[in-house]
file run19.tsv (TSV, C-alpha atoms)
chain	number	residue	atom	x	y	z
A	1	GLY	CA	45.31	257.43	314.61
A	2	ALA	CA	48.36	255.62	315.89
A	3	GLY	CA	51.26	255.05	313.51
A	4	ALA	CA	54.35	252.86	313.63
A	5	VAL	CA	57.73	254.62	313.62
A	6	PRO	CA	60.38	252.63	311.69
A	7	ALA	CA	63.86	252.46	313.25
A	8	THR	CA	66.71	250.86	311.28
A	9	THR	CA	69.42	249.35	313.48
A	10	ALA	CA	73.18	249.63	312.97
A	11	VAL	CA	76.52	249.99	314.77
A	12	ALA	CA	78.41	253.21	314.02
A	13	ASP	CA	81.17	255.31	315.56
A	14	GLY	CA	81.21	253.40	318.84
A	15	GLU	CA	77.45	253.46	319.36
A	16	LEU	CA	74.49	251.12	318.97
A	17	VAL	CA	72.04	252.92	316.67
A	18	ILE	CA	68.30	252.38	316.76
A	19	GLY	CA	66.82	254.68	314.12
A	20	ALA	CA	69.60	255.31	311.60
A	21	ASP	CA	69.37	258.72	309.90
A	22	ARG	CA	69.67	259.24	306.14
A	23	ASP	CA	73.40	259.96	306.30
A	24	LEU	CA	74.13	256.70	308.14
A	25	LEU	CA	71.84	254.70	305.82
A	26	GLU	CA	73.79	256.05	302.83
A	27	ARG	CA	77.10	255.16	304.49
A	28	LEU	CA	75.80	251.62	305.06
A	29	ALA	CA	74.59	251.34	301.44
A	30	ASP	CA	77.71	252.83	299.84
A	31	GLY	CA	79.03	249.99	297.66
A	32	SER	CA	82.41	251.65	297.11
A	33	ARG	CA	83.73	250.51	300.51
A	34	PRO	CA	83.09	247.31	302.47
A	35	VAL	CA	80.68	247.51	305.41
A	36	ALA	CA	80.90	244.88	308.14
A	37	LYS	CA	77.84	242.79	308.97
A	38	ALA	CA	77.40	242.36	312.72
A	39	GLY	CA	75.88	239.37	314.43
A	40	SER	CA	75.02	239.78	318.11
A	41	ARG	CA	78.42	238.24	319.02
A	42	ASP	CA	80.21	241.06	317.11
A	43	LEU	CA	78.61	244.02	318.88
A	44	GLY	CA	81.31	244.45	321.55
A	45	PRO	CA	84.30	244.36	319.14
A	46	TYR	CA	82.63	246.72	316.64
A	47	LEU	CA	81.69	249.16	319.42
A	48	ALA	CA	85.25	249.11	320.75
A	49	SER	CA	86.77	249.72	317.30
A	50	ALA	CA	84.16	252.39	316.38
A	51	GLN	CA	83.58	250.44	313.16
A	52	ILE	CA	80.45	250.90	311.02
A	53	ALA	CA	78.34	247.77	310.61
A	54	SER	CA	74.90	246.70	309.46
A	55	THR	CA	73.03	244.24	311.67
A	56	THR	CA	71.98	240.65	311.05
A	57	VAL	CA	68.73	239.40	312.60
A	58	SER	CA	70.56	238.33	315.79
A	59	ALA	CA	72.12	241.77	316.32
A	60	ALA	CA	68.93	243.63	315.37
A	61	MET	CA	67.00	241.54	317.91
A	62	ARG	CA	69.53	242.33	320.64
A	63	LEU	CA	69.36	246.08	319.86
A	64	ALA	CA	65.56	246.02	319.72
A	65	HIS	CA	65.35	244.27	323.10
A	66	LEU	CA	67.77	246.75	324.70
A	67	ALA	CA	65.58	249.59	323.43
A	68	GLY	CA	62.32	248.01	324.63
A	69	ILE	CA	61.14	247.33	321.06
A	70	ARG	CA	59.02	244.17	320.84
A	71	LEU	CA	58.87	243.60	317.06
A	72	LEU	CA	61.11	243.83	314.01
A	73	ALA	CA	60.91	243.07	310.29
A	74	THR	CA	63.46	241.43	308.00
A	75	GLY	CA	63.59	239.46	304.76
A	76	GLY	CA	64.54	235.98	305.93
A	77	ILE	CA	66.29	234.60	308.99
A	78	GLY	CA	69.49	232.57	308.96
A	79	GLY	CA	69.35	228.89	309.86
A	80	VAL	CA	70.87	225.50	309.19
A	81	HIS	CA	73.16	225.39	306.15
A	82	ARG	CA	72.89	222.49	303.71
A	83	ASP	CA	76.29	221.07	304.64
A	84	ALA	CA	75.78	221.56	308.39
A	85	ALA	CA	76.41	217.87	309.16
A	86	GLU	CA	80.05	218.41	308.08
A	87	SER	CA	80.56	222.15	308.60
A	88	HIS	CA	78.41	222.69	311.74
A	89	ASP	CA	77.31	225.93	310.03
A	90	VAL	CA	74.17	227.14	311.81
A	91	SER	CA	73.28	230.83	311.99
A	92	SER	CA	73.39	232.53	315.40
A	93	ASP	CA	69.94	233.92	314.51
A	94	ILE	CA	68.53	230.63	315.86
A	95	ASP	CA	70.14	230.96	319.30
A	96	GLU	CA	69.20	234.65	319.50
A	97	LEU	CA	65.58	233.78	318.70
A	98	ALA	CA	65.65	231.16	321.45
A	99	ALA	CA	66.88	233.68	324.04
A	100	THR	CA	65.62	237.17	323.16
A	101	PRO	CA	61.93	238.11	323.48
A	102	VAL	CA	61.45	240.00	320.22
A	103	ALA	CA	58.94	239.01	317.52
A	104	VAL	CA	60.35	238.84	313.97
A	105	VAL	CA	58.21	239.30	310.84
A	106	CYS	CA	59.88	237.53	307.92
A	107	SER	CA	59.36	235.30	304.88
A	108	GLY	CA	60.85	232.22	306.53
A	109	ALA	CA	64.53	231.34	306.26
A	110	LYS	CA	66.78	232.16	303.31
A	111	SER	CA	66.22	229.76	300.40
A	112	ILE	CA	69.84	228.62	300.17
A	113	LEU	CA	69.56	226.95	303.60
A	114	ASP	CA	68.36	223.48	304.53
A	115	LEU	CA	64.76	224.58	305.17
A	116	PRO	CA	63.40	221.33	306.72
A	117	ALA	CA	66.38	221.16	309.11
A	118	THR	CA	65.95	224.84	310.00
A	119	PHE	CA	62.24	224.23	310.67
A	120	GLU	CA	63.09	221.30	312.99
A	121	LEU	CA	65.76	223.28	314.86
A	122	LEU	CA	63.36	226.19	315.44
A	123	GLU	CA	61.00	223.68	317.06
A	124	THR	CA	63.83	222.20	319.15
A	125	ARG	CA	64.80	225.66	320.41
A	126	ARG	CA	61.10	226.30	321.36
A	127	ILE	CA	60.63	229.16	318.89
A	128	PRO	CA	56.94	229.46	317.84
A	129	ILE	CA	56.27	230.00	314.13
A	130	VAL	CA	52.97	231.71	313.34
A	131	GLY	CA	51.66	232.03	309.76
A	132	LEU	CA	50.28	235.44	308.77
A	133	GLY	CA	47.29	234.36	306.71
A	134	VAL	CA	49.06	231.13	305.71
A	135	GLU	CA	49.29	227.61	307.14
A	136	VAL	CA	52.60	226.60	305.52
A	137	MET	CA	56.15	227.89	306.03
A	138	PRO	CA	57.18	230.34	303.27
A	139	ALA	CA	60.45	229.68	301.45
A	140	PHE	CA	61.76	233.25	301.13
A	141	TYR	CA	61.65	233.78	297.32
A	142	ALA	CA	58.84	231.21	297.00
A	143	ALA	CA	55.44	230.95	298.68
A	144	SER	CA	55.91	227.55	300.32
A	145	ALA	CA	58.62	225.26	301.67
A	146	GLY	CA	56.03	222.47	301.93
A	147	LEU	CA	56.22	222.54	305.75
A	148	ARG	CA	52.91	222.79	307.61
A	149	LEU	CA	52.62	225.25	310.50
A	150	ASN	CA	50.86	224.52	313.80
A	151	HIS	CA	49.69	228.11	314.26
A	152	SER	CA	48.30	230.86	312.01
A	153	VAL	CA	46.45	234.16	312.37
A	154	HIS	CA	44.22	236.09	309.98
A	155	ASP	CA	45.10	239.72	310.62
A	156	PRO	CA	47.48	242.10	312.47
A	157	ALA	CA	45.20	242.31	315.54
A	158	GLU	CA	45.32	238.51	315.99
A	159	ALA	CA	49.10	238.57	315.44
A	160	ALA	CA	49.46	241.26	318.11
A	161	ALA	CA	47.39	239.16	320.54
A	162	VAL	CA	49.77	236.20	320.02
A	163	VAL	CA	52.88	238.40	320.46
A	164	ALA	CA	51.47	239.93	323.67
A	165	ALA	CA	50.50	236.53	325.12
A	166	HIS	CA	53.83	234.92	324.22
A	167	GLN	CA	55.96	237.77	325.57
A	168	ALA	CA	53.97	237.82	328.82
A	169	LEU	CA	55.12	234.25	329.58
A	170	PRO	CA	58.07	234.11	332.02
A	171	GLY	CA	61.24	233.01	330.20
A	172	ALA	CA	59.80	233.60	326.74
A	173	GLY	CA	62.24	233.95	323.87
A	174	GLY	CA	61.60	235.10	320.32
A	175	LEU	CA	58.68	234.46	318.00
A	176	LEU	CA	58.55	234.16	314.20
A	177	LEU	CA	55.64	235.67	312.25
A	178	VAL	CA	55.88	234.48	308.65
A	179	GLN	CA	54.29	235.51	305.37
A	180	PRO	CA	55.14	234.61	301.75
A	181	PRO	CA	56.49	237.16	299.27
A	182	PRO	CA	53.84	239.18	297.40
A	183	PRO	CA	52.36	236.97	294.64
A	184	GLU	CA	53.36	239.40	291.87
A	185	VAL	CA	57.08	238.90	292.65
A	186	ALA	CA	57.14	235.36	294.14
A	187	LEU	CA	59.21	232.72	292.30
A	188	GLU	CA	58.52	229.02	291.82
A	189	ALA	CA	60.20	226.86	294.47
A	190	GLY	CA	61.49	224.35	291.90
A	191	GLU	CA	63.01	227.08	289.77
A	192	VAL	CA	64.82	228.61	292.76
A	193	GLU	CA	66.08	225.19	293.85
A	194	GLY	CA	67.59	224.62	290.39
A	195	TRP	CA	69.52	227.89	290.55
A	196	ILE	CA	70.74	227.16	294.09
A	197	GLU	CA	72.00	223.68	293.14
A	198	GLU	CA	73.71	225.15	290.06
A	199	GLY	CA	75.38	227.90	292.14
A	200	THR	CA	76.44	225.44	294.85
A	201	GLN	CA	77.99	223.13	292.25
A	202	ARG	CA	79.92	226.02	290.68
A	203	ALA	CA	81.16	227.04	294.15
A	204	ARG	CA	82.48	223.48	294.65
A	205	GLU	CA	84.18	223.51	291.24
A	206	GLN	CA	85.84	226.86	292.03
A	207	ARG	CA	86.82	225.62	295.52
A	208	ILE	CA	84.89	228.40	297.24
A	209	ARG	CA	84.39	227.49	300.90
A	210	GLY	CA	83.08	228.74	304.23
A	211	ALA	CA	81.49	232.16	304.54
A	212	ALA	CA	82.26	232.94	300.87
A	213	VAL	CA	79.80	230.29	299.61
A	214	THR	CA	76.60	232.15	300.55
A	215	PRO	CA	77.32	235.42	298.68
A	216	PHE	CA	78.60	233.41	295.70
A	217	VAL	CA	75.41	231.31	295.48
A	218	LEU	CA	73.17	234.37	296.01
A	219	ALA	CA	75.01	236.22	293.22
A	220	HIS	CA	74.46	233.22	290.93
A	221	VAL	CA	70.74	233.12	291.76
A	222	ALA	CA	70.45	236.87	291.07
A	223	ALA	CA	72.16	236.50	287.69
A	224	ALA	CA	70.40	233.25	286.64
A	225	SER	CA	66.98	234.72	287.50
A	226	GLU	CA	67.74	237.83	285.41
A	227	GLY	CA	66.98	240.08	288.36
A	228	ARG	CA	63.73	238.39	289.36
A	229	ALA	CA	65.25	237.11	292.62
A	230	LEU	CA	66.33	240.64	293.55
A	231	ARG	CA	62.84	241.98	292.78
A	232	ALA	CA	61.32	239.23	294.97
A	233	ASN	CA	63.79	240.07	297.76
A	234	ILE	CA	62.92	243.78	297.69
A	235	GLY	CA	59.20	243.02	297.41
A	236	LEU	CA	59.11	240.70	300.41
A	237	ILE	CA	61.14	243.06	302.61
A	238	VAL	CA	58.78	245.96	301.83
A	239	ALA	CA	55.73	243.74	302.49
A	240	ASN	CA	57.21	242.45	305.77
A	241	ALA	CA	57.99	245.98	306.96
A	242	ALA	CA	54.42	247.07	306.15
A	243	MET	CA	52.96	244.07	308.00
A	244	ALA	CA	55.24	244.65	311.01
A	245	GLY	CA	54.05	248.27	311.10
A	246	ARG	CA	50.42	247.16	311.22
A	247	ILE	CA	51.15	244.63	314.00
A	248	ALA	CA	53.12	247.28	315.95
A	249	VAL	CA	50.11	249.63	315.79
A	250	ALA	CA	47.84	246.81	317.01
A	251	LEU	CA	50.28	246.08	319.89
A	252	ALA	CA	50.29	249.76	320.89
A	253	GLU	CA	46.49	249.85	320.81
A	254	ARG	CA	46.33	246.75	323.04
A	255	ALA	CA	48.70	248.41	325.52
A	256	ARG	CA	46.47	251.51	325.70
A	257	ALA	CA	43.22	249.55	326.04

call {"tool": "encode", "arguments": {"input": "run19.tsv", "output": "C-alpha cells"}}
result
Amino acid sequence: GAGAVPATTAVADGELVIGADRDLLERLADGSRPVAKAGSRDLGPYLASAQIASTTVSAAMRLAHLAGIRLLATGGIGGVHRDAAESHDVSSDIDELAATPVAVVCSGAKSILDLPATFELLETRRIPIVGLGVEVMPAFYAASAGLRLNHSVHDPAEAAAVVAAHQALPGAGGLLLVQPPPPEVALEAGEVEGWIEEGTQRAREQRIRGAAVTPFVLAHVAAASEGRALRANIGLIVANAAMAGRIAVALAERARA
C-alpha cells in the first residue's frame, strides 16, 4: 500500500533542504556548537552566508510549499507571547499560516505563550483549527487549553478531506490540525502553568529579557518537571508525525481516486 515519506527541512551550505540525510541531522543535533534557527524571514540571509540552520514552523511551511508538499508535522506552533501588549512579541508562524497553503499537524501552541490570545489571533488571520478526535484546543504539554473548537474530524481520511477542500479554495492559506499529547505522557495544565509562572518570575528577577526568556523558561520547566516535560515533548512530536503520515497517505489516495 501507499506510504508516507518523511522529509526533514533545514538550510545548509547555501541550499534549502527538504529531506535532510543522517549526516545533516547529526550536524543539526550536535550540541557542541550553536545551530541557528531560521524563520521564513531568515532564509535569504542564511542561504547567502551558507550557514547551517534548523527551521521553525514558518520556514518549514515555506520550504514545504516550494516543494509542493501540502502537510507537515511539528510539536507546537509559535504565537502570542504573554507580554505581547508591551513587547509586541508575536511569532511569525502566525503570518506564515495566514499566507502559505500548507496544513500543519501539531499539539496547539507552545504552553509558555498566551494561549487564549493566540487562539483569537488565529481566528483573526482566518486560519482554520480542526481537532483530530478532539473538540478542544490542546495546550502542548497538556490535553486542553479550555478553548472550544468549531471543527473536528474523527480519522485521517476525514482530515484529508478537509485539507483537500480548504486548499482547493482560491486564496487559501494554512490550516491547523491539532491533537493532544499521548495520554501516557501528557501533563496536567495547572501543574505546567505553575512551572511557567515560576520560570517567568525567575527570568524577571535575573533581568533576562527578549528572545532569551523563552529558552530560560523552557529550561526551568524541564528541570522542575524532572524530565516529564521533555518526555511529553518527544511523545507529542512522535505522535504528530505518525498522524501526519496517515493523513498524507489519505491525501495521496484521494488524489489517485

call {"tool": "closest_residue", "arguments": {"input": "run19.tsv", "among": "A:Gln167, A:Ile18, A:Val104, A:Leu122", "to": "A:Leu66", "atoms": "all atoms listed in the file"}}
result
A:Ile18

call {"tool": "atom_distance", "arguments": {"input": "run19.tsv", "atom1": "atom CA of A:Val217", "atom2": "atom CA of A:Gly199"}}
result
4.8 Å

call {"tool": "residues_around", "arguments": {"input": "run19.tsv", "residues": "A:Arg231", "least_positions_apart": "4", "cutoff": "7 Å", "atoms": "all atoms listed in the file", "output": "PDB file with C-alpha atoms, in the coordinates of the input"}}
result
ATOM      1  CA  VAL A 185      57.080 238.900 292.650  1.00  0.00           C
ATOM      2  CA  GLY A 227      66.980 240.080 288.360  1.00  0.00           C
ATOM      3  CA  GLY A 235      59.200 243.020 297.410  1.00  0.00           C
TER       4      GLY A 235
END

call {"tool": "closest_residue", "arguments": {"input": "run19.tsv", "among": "A:Asn233, A:Gln51, A:Gln206, A:Thr100", "to": "A:His65", "atoms": "all atoms listed in the file"}}
result
A:Thr100

call {"tool": "residues_around", "arguments": {"input": "run19.tsv", "residues": "A:Ser107", "least_positions_apart": "3", "cutoff": "9 Å", "atoms": "all atoms listed in the file", "output": "MDAnalysis selection string"}}
result
chainID A and resid 74:77 110 137:143 177:181 236:237 240

call {"tool": "closest_residue", "arguments": {"input": "run19.tsv", "among": "A:Leu175, A:Val17, A:Asp83, A:Glu184", "to": "A:Ala103", "atoms": "all atoms listed in the file"}}
result
A:Leu175

call {"tool": "residues_around", "arguments": {"input": "run19.tsv", "residues": "stretch 27-38 of chain A", "least_positions_apart": "2", "cutoff": "10 Å", "atoms": "all atoms listed in the file", "output": "CSV table (one decimal) with C-alpha atoms, in the coordinates of the input"}}
result
chain,number,residue,atom,x,y,z
A,10,ALA,CA,73.2,249.6,313.0
A,11,VAL,CA,76.5,250.0,314.8
A,12,ALA,CA,78.4,253.2,314.0
A,20,ALA,CA,69.6,255.3,311.6
A,22,ARG,CA,69.7,259.2,306.1
A,23,ASP,CA,73.4,260.0,306.3
A,24,LEU,CA,74.1,256.7,308.1
A,25,LEU,CA,71.8,254.7,305.8
A,40,SER,CA,75.0,239.8,318.1
A,41,ARG,CA,78.4,238.2,319.0
A,42,ASP,CA,80.2,241.1,317.1
A,43,LEU,CA,78.6,244.0,318.9
A,44,GLY,CA,81.3,244.4,321.6
A,45,PRO,CA,84.3,244.4,319.1
A,46,TYR,CA,82.6,246.7,316.6
A,51,GLN,CA,83.6,250.4,313.2
A,52,ILE,CA,80.4,250.9,311.0
A,53,ALA,CA,78.3,247.8,310.6
A,54,SER,CA,74.9,246.7,309.5
A,55,THR,CA,73.0,244.2,311.7
A,56,THR,CA,72.0,240.6,311.0
A,57,VAL,CA,68.7,239.4,312.6
A,58,SER,CA,70.6,238.3,315.8
A,59,ALA,CA,72.1,241.8,316.3
A,60,ALA,CA,68.9,243.6,315.4

call {"tool": "closest_atom_pairs", "arguments": {"input": "run19.tsv", "of": "stretch 67-90 of chain A", "to": "stretch 160-165 of chain A", "cutoff": "12 Å", "atoms": "all atoms listed in the file", "output": "Markdown table"}}
result
| residue | atom | partner | partner_atom | distance |
| --- | --- | --- | --- | --- |
| A:Arg70 | CA | A:Val163 | CA | 8.4 |
| A:Leu71 | CA | A:Val163 | CA | 8.6 |
| A:Leu72 | CA | A:Val163 | CA | 11.8 |

call {"tool": "axis_aligned_box", "arguments": {"input": "run19.tsv", "around": "stretch 86-90 of chain A", "padding_each_side": "4 Å", "output": "JSON"}}
result
{"center_x": 77.4, "center_y": 222.8, "center_z": 309.9, "size_x": 14.4, "size_y": 16.7, "size_z": 11.7}

call {"tool": "atom_distance", "arguments": {"input": "run19.tsv", "atom1": "atom CA of A:Gly133", "atom2": "atom CA of A:Ser152"}}
result
6.4 Å

call {"tool": "closest_residue", "arguments": {"input": "run19.tsv", "among": "A:Pro101, A:Pro170, A:Pro116, A:Gly39", "to": "A:Arg82", "atoms": "all atoms listed in the file"}}
result
A:Pro116

call {"tool": "closest_residue", "arguments": {"input": "run19.tsv", "among": "A:Leu187, A:Leu218, A:Ala223, A:Leu169", "to": "A:Ile112", "atoms": "all atoms listed in the file"}}
result
A:Leu218

call {"tool": "atom_distance", "arguments": {"input": "run19.tsv", "atom1": "atom CA of A:Gly174", "atom2": "atom CA of A:Glu96"}}
result
7.7 Å

call {"tool": "closest_residue", "arguments": {"input": "run19.tsv", "among": "A:Leu16, A:Met61, A:Ala84, A:Ala159", "to": "A:Val249", "atoms": "all atoms listed in the file"}}
result
A:Ala159

call {"tool": "residues_around", "arguments": {"input": "run19.tsv", "residues": "A:Ala99", "least_positions_apart": "6", "cutoff": "9 Å", "atoms": "all atoms listed in the file", "output": "ChimeraX atom specification"}}
result
/A:171-174

call {"tool": "residues_near_point", "arguments": {"input": "run19.tsv", "point": "(62.0, 225.7, 292.3)", "cutoff": "12 Å", "atoms": "all atoms listed in the file", "output": "PyMOL selection string"}}
result
chain A and resi 111-112+139-146+186-198+221+225+229
